[in-house]
Amino acid sequence: MQLVVDIPSAARLIQAMAPDWLWLLKYIESEDGYVRFPPAVSQWIKNLNIGNYPVLYEDERAIGAILVKAFLSDEQVGQLNTELEACSSEERGQLLLEYIGNLGEEIDAIELPKTPAAQKRAEAQFLAMSDAERQHAIEFMQRFLMSMLAGFYQSLSIMVHGEKLTALVAQAKAGDDKAFAKAVQIDKRILHALPYFNDRFAAANSEGQREFVELVTAHMSRPPYKGKIRHKALYLAFSLLDQVGVLDRMKHSELLDLCTQAGLDSHANRIDDVKNVSKRLAEYRAFQRRGFDLSTP
């Protein structure tokens, strides 16, 4: 896999996002295995008008690209792309380090307002901004949350089906009905946000394609990961590191330090030493290889 970011930047991003992941996992984990987001997330999606974020599943590169655009202007993104194209493979890593390193304080400052008190503070800060600052804040949150949601479901799909959601969407659009059902099982918004899925399901209903309709509705009503994975927070971290191309480049001692510093080793995720990290990582890899066998039927 091509190196997308350097190891320190990937680690920093995970540490910044870990509190939000753990907060989301607190709400979506339940005994019946269904995905449940807190009401605030649905409200953010509505208020920011980002219900179309599943379009990112149609191009895996778009998930990372929109995250970069949250922090960099279009001009800066264009400049970065131009410079990357002119770099050698060794120079690209250093250039990315410089760009993302400069965003360290902005990444560290990411904190979603999770409590009513935090939401009131965020609202007061927003109202105190100038029009230009408000527009910048809105665009930042739109891009950041779209990337976060798409990345979260991308990782969830790996945990449940052993395949990225982007891969399932591509297979579905190529005519694979089983992949269609699996994709919708992970993120139901796909059914309405992506034209192919909407049109295919509508046509199946109107044309009486009973077998296909029952396949999709059965997956939609089925809990995605009931009783499958104990170390969900760790798997999310592994998945993101894998997606940005650094997981195989990290020493297991580095993984242990990262997970400990990000607070991903608490409670059911407990990892006490490098040997334990190695075991968890082996399980993650084995799950990916056996994804079709372990995924919800």
# chains A, B, ... in the order shown; residues from 1 in each chain; ligands from 1
$ select_by_dssp --residues "segment 104-279 of chain A" --states "alpha helix (DSSP H)" --output "ChimeraX atom specification"
/A:104-108,116-127,131-161,165-173,177-186,190-193,195-206,210-220,232-243,252-261,274-279
$ residues_around --residues "segment 200-208 of chain A" --least-positions-apart "4" --cutoff "10 Å" --atoms "only C-alpha atoms" --output "list of chain:residue names"
A:Ala172, A:Lys173, A:Gly175, A:Asp177, A:Phe180, A:Leu191, A:His192, A:Pro195, A:Tyr196, A:Phe212, A:Val213, A:Glu214, A:Val216
$ write_last_selection --atoms "all heavy atoms" --output "mmCIF file, in the first residue's frame"
data_model
loop_
_atom_site.group_PDB
_atom_site.id
_atom_site.type_symbol
_atom_site.label_atom_id
_atom_site.label_comp_id
_atom_site.auth_asym_id
_atom_site.auth_seq_id
_atom_site.Cartn_x
_atom_site.Cartn_y
_atom_site.Cartn_z
ATOM 1 N N ALA A 172 -21.103 -4.014 -5.613
ATOM 2 C CA ALA A 172 -22.555 -3.895 -5.780
ATOM 3 C C ALA A 172 -22.890 -3.211 -7.098
ATOM 4 O O ALA A 172 -23.789 -3.648 -7.831
ATOM 5 C CB ALA A 172 -23.147 -3.119 -4.612
ATOM 6 N N LYS A 173 -22.164 -2.133 -7.410
ATOM 7 C CA LYS A 173 -22.420 -1.405 -8.656
ATOM 8 C C LYS A 173 -22.048 -2.232 -9.881
ATOM 9 O O LYS A 173 -22.524 -1.964 -10.985
ATOM 10 C CB LYS A 173 -21.659 -0.080 -8.641
ATOM 11 C CG LYS A 173 -22.184 0.898 -7.593
ATOM 12 C CD LYS A 173 -21.335 2.147 -7.492
ATOM 13 C CE LYS A 173 -21.466 3.017 -8.714
ATOM 14 N NZ LYS A 173 -20.750 4.307 -8.563
ATOM 15 N N GLY A 175 -22.884 -5.329 -10.012
ATOM 16 C CA GLY A 175 -23.935 -6.336 -10.121
ATOM 17 C C GLY A 175 -23.958 -7.399 -9.047
ATOM 18 O O GLY A 175 -24.752 -8.344 -9.129
ATOM 19 N N ASP A 177 -25.242 -8.662 -5.874
ATOM 20 C CA ASP A 177 -26.352 -8.377 -4.968
ATOM 21 C C ASP A 177 -25.996 -8.633 -3.506
ATOM 22 O O ASP A 177 -26.492 -7.955 -2.603
ATOM 23 C CB ASP A 177 -27.575 -9.213 -5.349
ATOM 24 C CG ASP A 177 -28.207 -8.752 -6.656
ATOM 25 O OD1 ASP A 177 -27.864 -7.641 -7.107
ATOM 26 O OD2 ASP A 177 -29.022 -9.506 -7.219
ATOM 27 N N PHE A 180 -24.226 -5.699 -2.293
ATOM 28 C CA PHE A 180 -25.225 -4.636 -2.129
ATOM 29 C C PHE A 180 -25.829 -4.730 -0.739
ATOM 30 O O PHE A 180 -25.897 -3.734 0.012
ATOM 31 C CB PHE A 180 -26.305 -4.812 -3.203
ATOM 32 C CG PHE A 180 -27.338 -3.724 -3.251
ATOM 33 C CD1 PHE A 180 -27.398 -2.863 -4.348
ATOM 34 C CD2 PHE A 180 -28.278 -3.557 -2.238
ATOM 35 C CE1 PHE A 180 -28.360 -1.859 -4.416
ATOM 36 C CE2 PHE A 180 -29.244 -2.570 -2.301
ATOM 37 C CZ PHE A 180 -29.285 -1.712 -3.394
ATOM 38 N N LEU A 191 -28.433 3.521 0.872
ATOM 39 C CA LEU A 191 -29.607 3.171 0.078
ATOM 40 C C LEU A 191 -30.276 4.398 -0.526
ATOM 41 O O LEU A 191 -30.891 4.324 -1.588
ATOM 42 C CB LEU A 191 -30.611 2.394 0.942
ATOM 43 C CG LEU A 191 -31.699 1.609 0.215
ATOM 44 C CD1 LEU A 191 -31.095 0.611 -0.757
ATOM 45 C CD2 LEU A 191 -32.580 0.896 1.222
ATOM 46 N N HIS A 192 -30.153 5.533 0.136
ATOM 47 C CA HIS A 192 -30.806 6.753 -0.353
ATOM 48 C C HIS A 192 -29.813 7.772 -0.903
ATOM 49 O O HIS A 192 -30.185 8.606 -1.734
ATOM 50 C CB HIS A 192 -31.618 7.384 0.783
ATOM 51 C CG HIS A 192 -32.615 6.460 1.398
ATOM 52 N ND1 HIS A 192 -33.739 6.034 0.724
ATOM 53 C CD2 HIS A 192 -32.638 5.839 2.606
ATOM 54 C CE1 HIS A 192 -34.429 5.210 1.493
ATOM 55 N NE2 HIS A 192 -33.787 5.072 2.638
ATOM 56 N N PRO A 195 -27.195 7.079 -5.966
ATOM 57 C CA PRO A 195 -28.213 6.857 -6.999
ATOM 58 C C PRO A 195 -28.352 5.407 -7.441
ATOM 59 O O PRO A 195 -29.478 4.915 -7.601
ATOM 60 C CB PRO A 195 -27.730 7.752 -8.157
ATOM 61 C CG PRO A 195 -26.988 8.852 -7.473
ATOM 62 C CD PRO A 195 -26.290 8.191 -6.311
ATOM 63 N N TYR A 196 -27.231 4.704 -7.621
ATOM 64 C CA TYR A 196 -27.331 3.321 -8.079
ATOM 65 C C TYR A 196 -28.114 2.481 -7.088
ATOM 66 O O TYR A 196 -28.993 1.694 -7.476
ATOM 67 C CB TYR A 196 -25.950 2.695 -8.278
ATOM 68 C CG TYR A 196 -26.040 1.209 -8.574
ATOM 69 C CD1 TYR A 196 -26.331 0.750 -9.857
ATOM 70 C CD2 TYR A 196 -25.897 0.253 -7.556
ATOM 71 C CE1 TYR A 196 -26.460 -0.608 -10.126
ATOM 72 C CE2 TYR A 196 -26.015 -1.105 -7.817
ATOM 73 C CZ TYR A 196 -26.305 -1.529 -9.100
ATOM 74 O OH TYR A 196 -26.449 -2.865 -9.360
ATOM 75 N N PHE A 212 -34.321 -10.513 -4.131
ATOM 76 C CA PHE A 212 -33.367 -9.444 -3.877
ATOM 77 C C PHE A 212 -33.849 -8.523 -2.760
ATOM 78 O O PHE A 212 -33.080 -8.160 -1.863
ATOM 79 C CB PHE A 212 -33.135 -8.626 -5.150
ATOM 80 C CG PHE A 212 -32.276 -7.415 -4.955
ATOM 81 C CD1 PHE A 212 -30.912 -7.524 -4.774
ATOM 82 C CD2 PHE A 212 -32.851 -6.148 -4.936
ATOM 83 C CE1 PHE A 212 -30.114 -6.406 -4.588
ATOM 84 C CE2 PHE A 212 -32.065 -5.014 -4.750
ATOM 85 C CZ PHE A 212 -30.689 -5.151 -4.578
ATOM 86 N N VAL A 213 -35.114 -8.143 -2.800
ATOM 87 C CA VAL A 213 -35.680 -7.257 -1.777
ATOM 88 C C VAL A 213 -35.582 -7.900 -0.399
ATOM 89 O O VAL A 213 -35.207 -7.251 0.587
ATOM 90 C CB VAL A 213 -37.151 -6.908 -2.102
ATOM 91 C CG1 VAL A 213 -37.784 -6.136 -0.930
ATOM 92 C CG2 VAL A 213 -37.228 -6.068 -3.371
ATOM 93 N N GLU A 214 -35.886 -9.178 -0.312
ATOM 94 C CA GLU A 214 -35.808 -9.879 0.974
ATOM 95 C C GLU A 214 -34.366 -9.978 1.460
ATOM 96 O O GLU A 214 -34.099 -9.895 2.661
ATOM 97 C CB GLU A 214 -36.431 -11.271 0.848
ATOM 98 C CG GLU A 214 -37.946 -11.239 0.684
ATOM 99 C CD GLU A 214 -38.544 -12.631 0.579
ATOM 100 O OE1 GLU A 214 -37.769 -13.600 0.417
ATOM 101 O OE2 GLU A 214 -39.784 -12.747 0.663
ATOM 102 N N VAL A 216 -31.931 -7.808 0.912
ATOM 103 C CA VAL A 216 -31.519 -6.489 1.404
ATOM 104 C C VAL A 216 -32.197 -6.154 2.725
ATOM 105 O O VAL A 216 -31.549 -5.723 3.685
ATOM 106 C CB VAL A 216 -31.828 -5.399 0.353
ATOM 107 C CG1 VAL A 216 -31.507 -4.007 0.921
ATOM 108 C CG2 VAL A 216 -31.020 -5.643 -0.915
#
$ atom_distance --atom1 "atom CA of Asp257 of chain A" --atom2 "atom CA of Lys164 of chain A"
26.4 Å
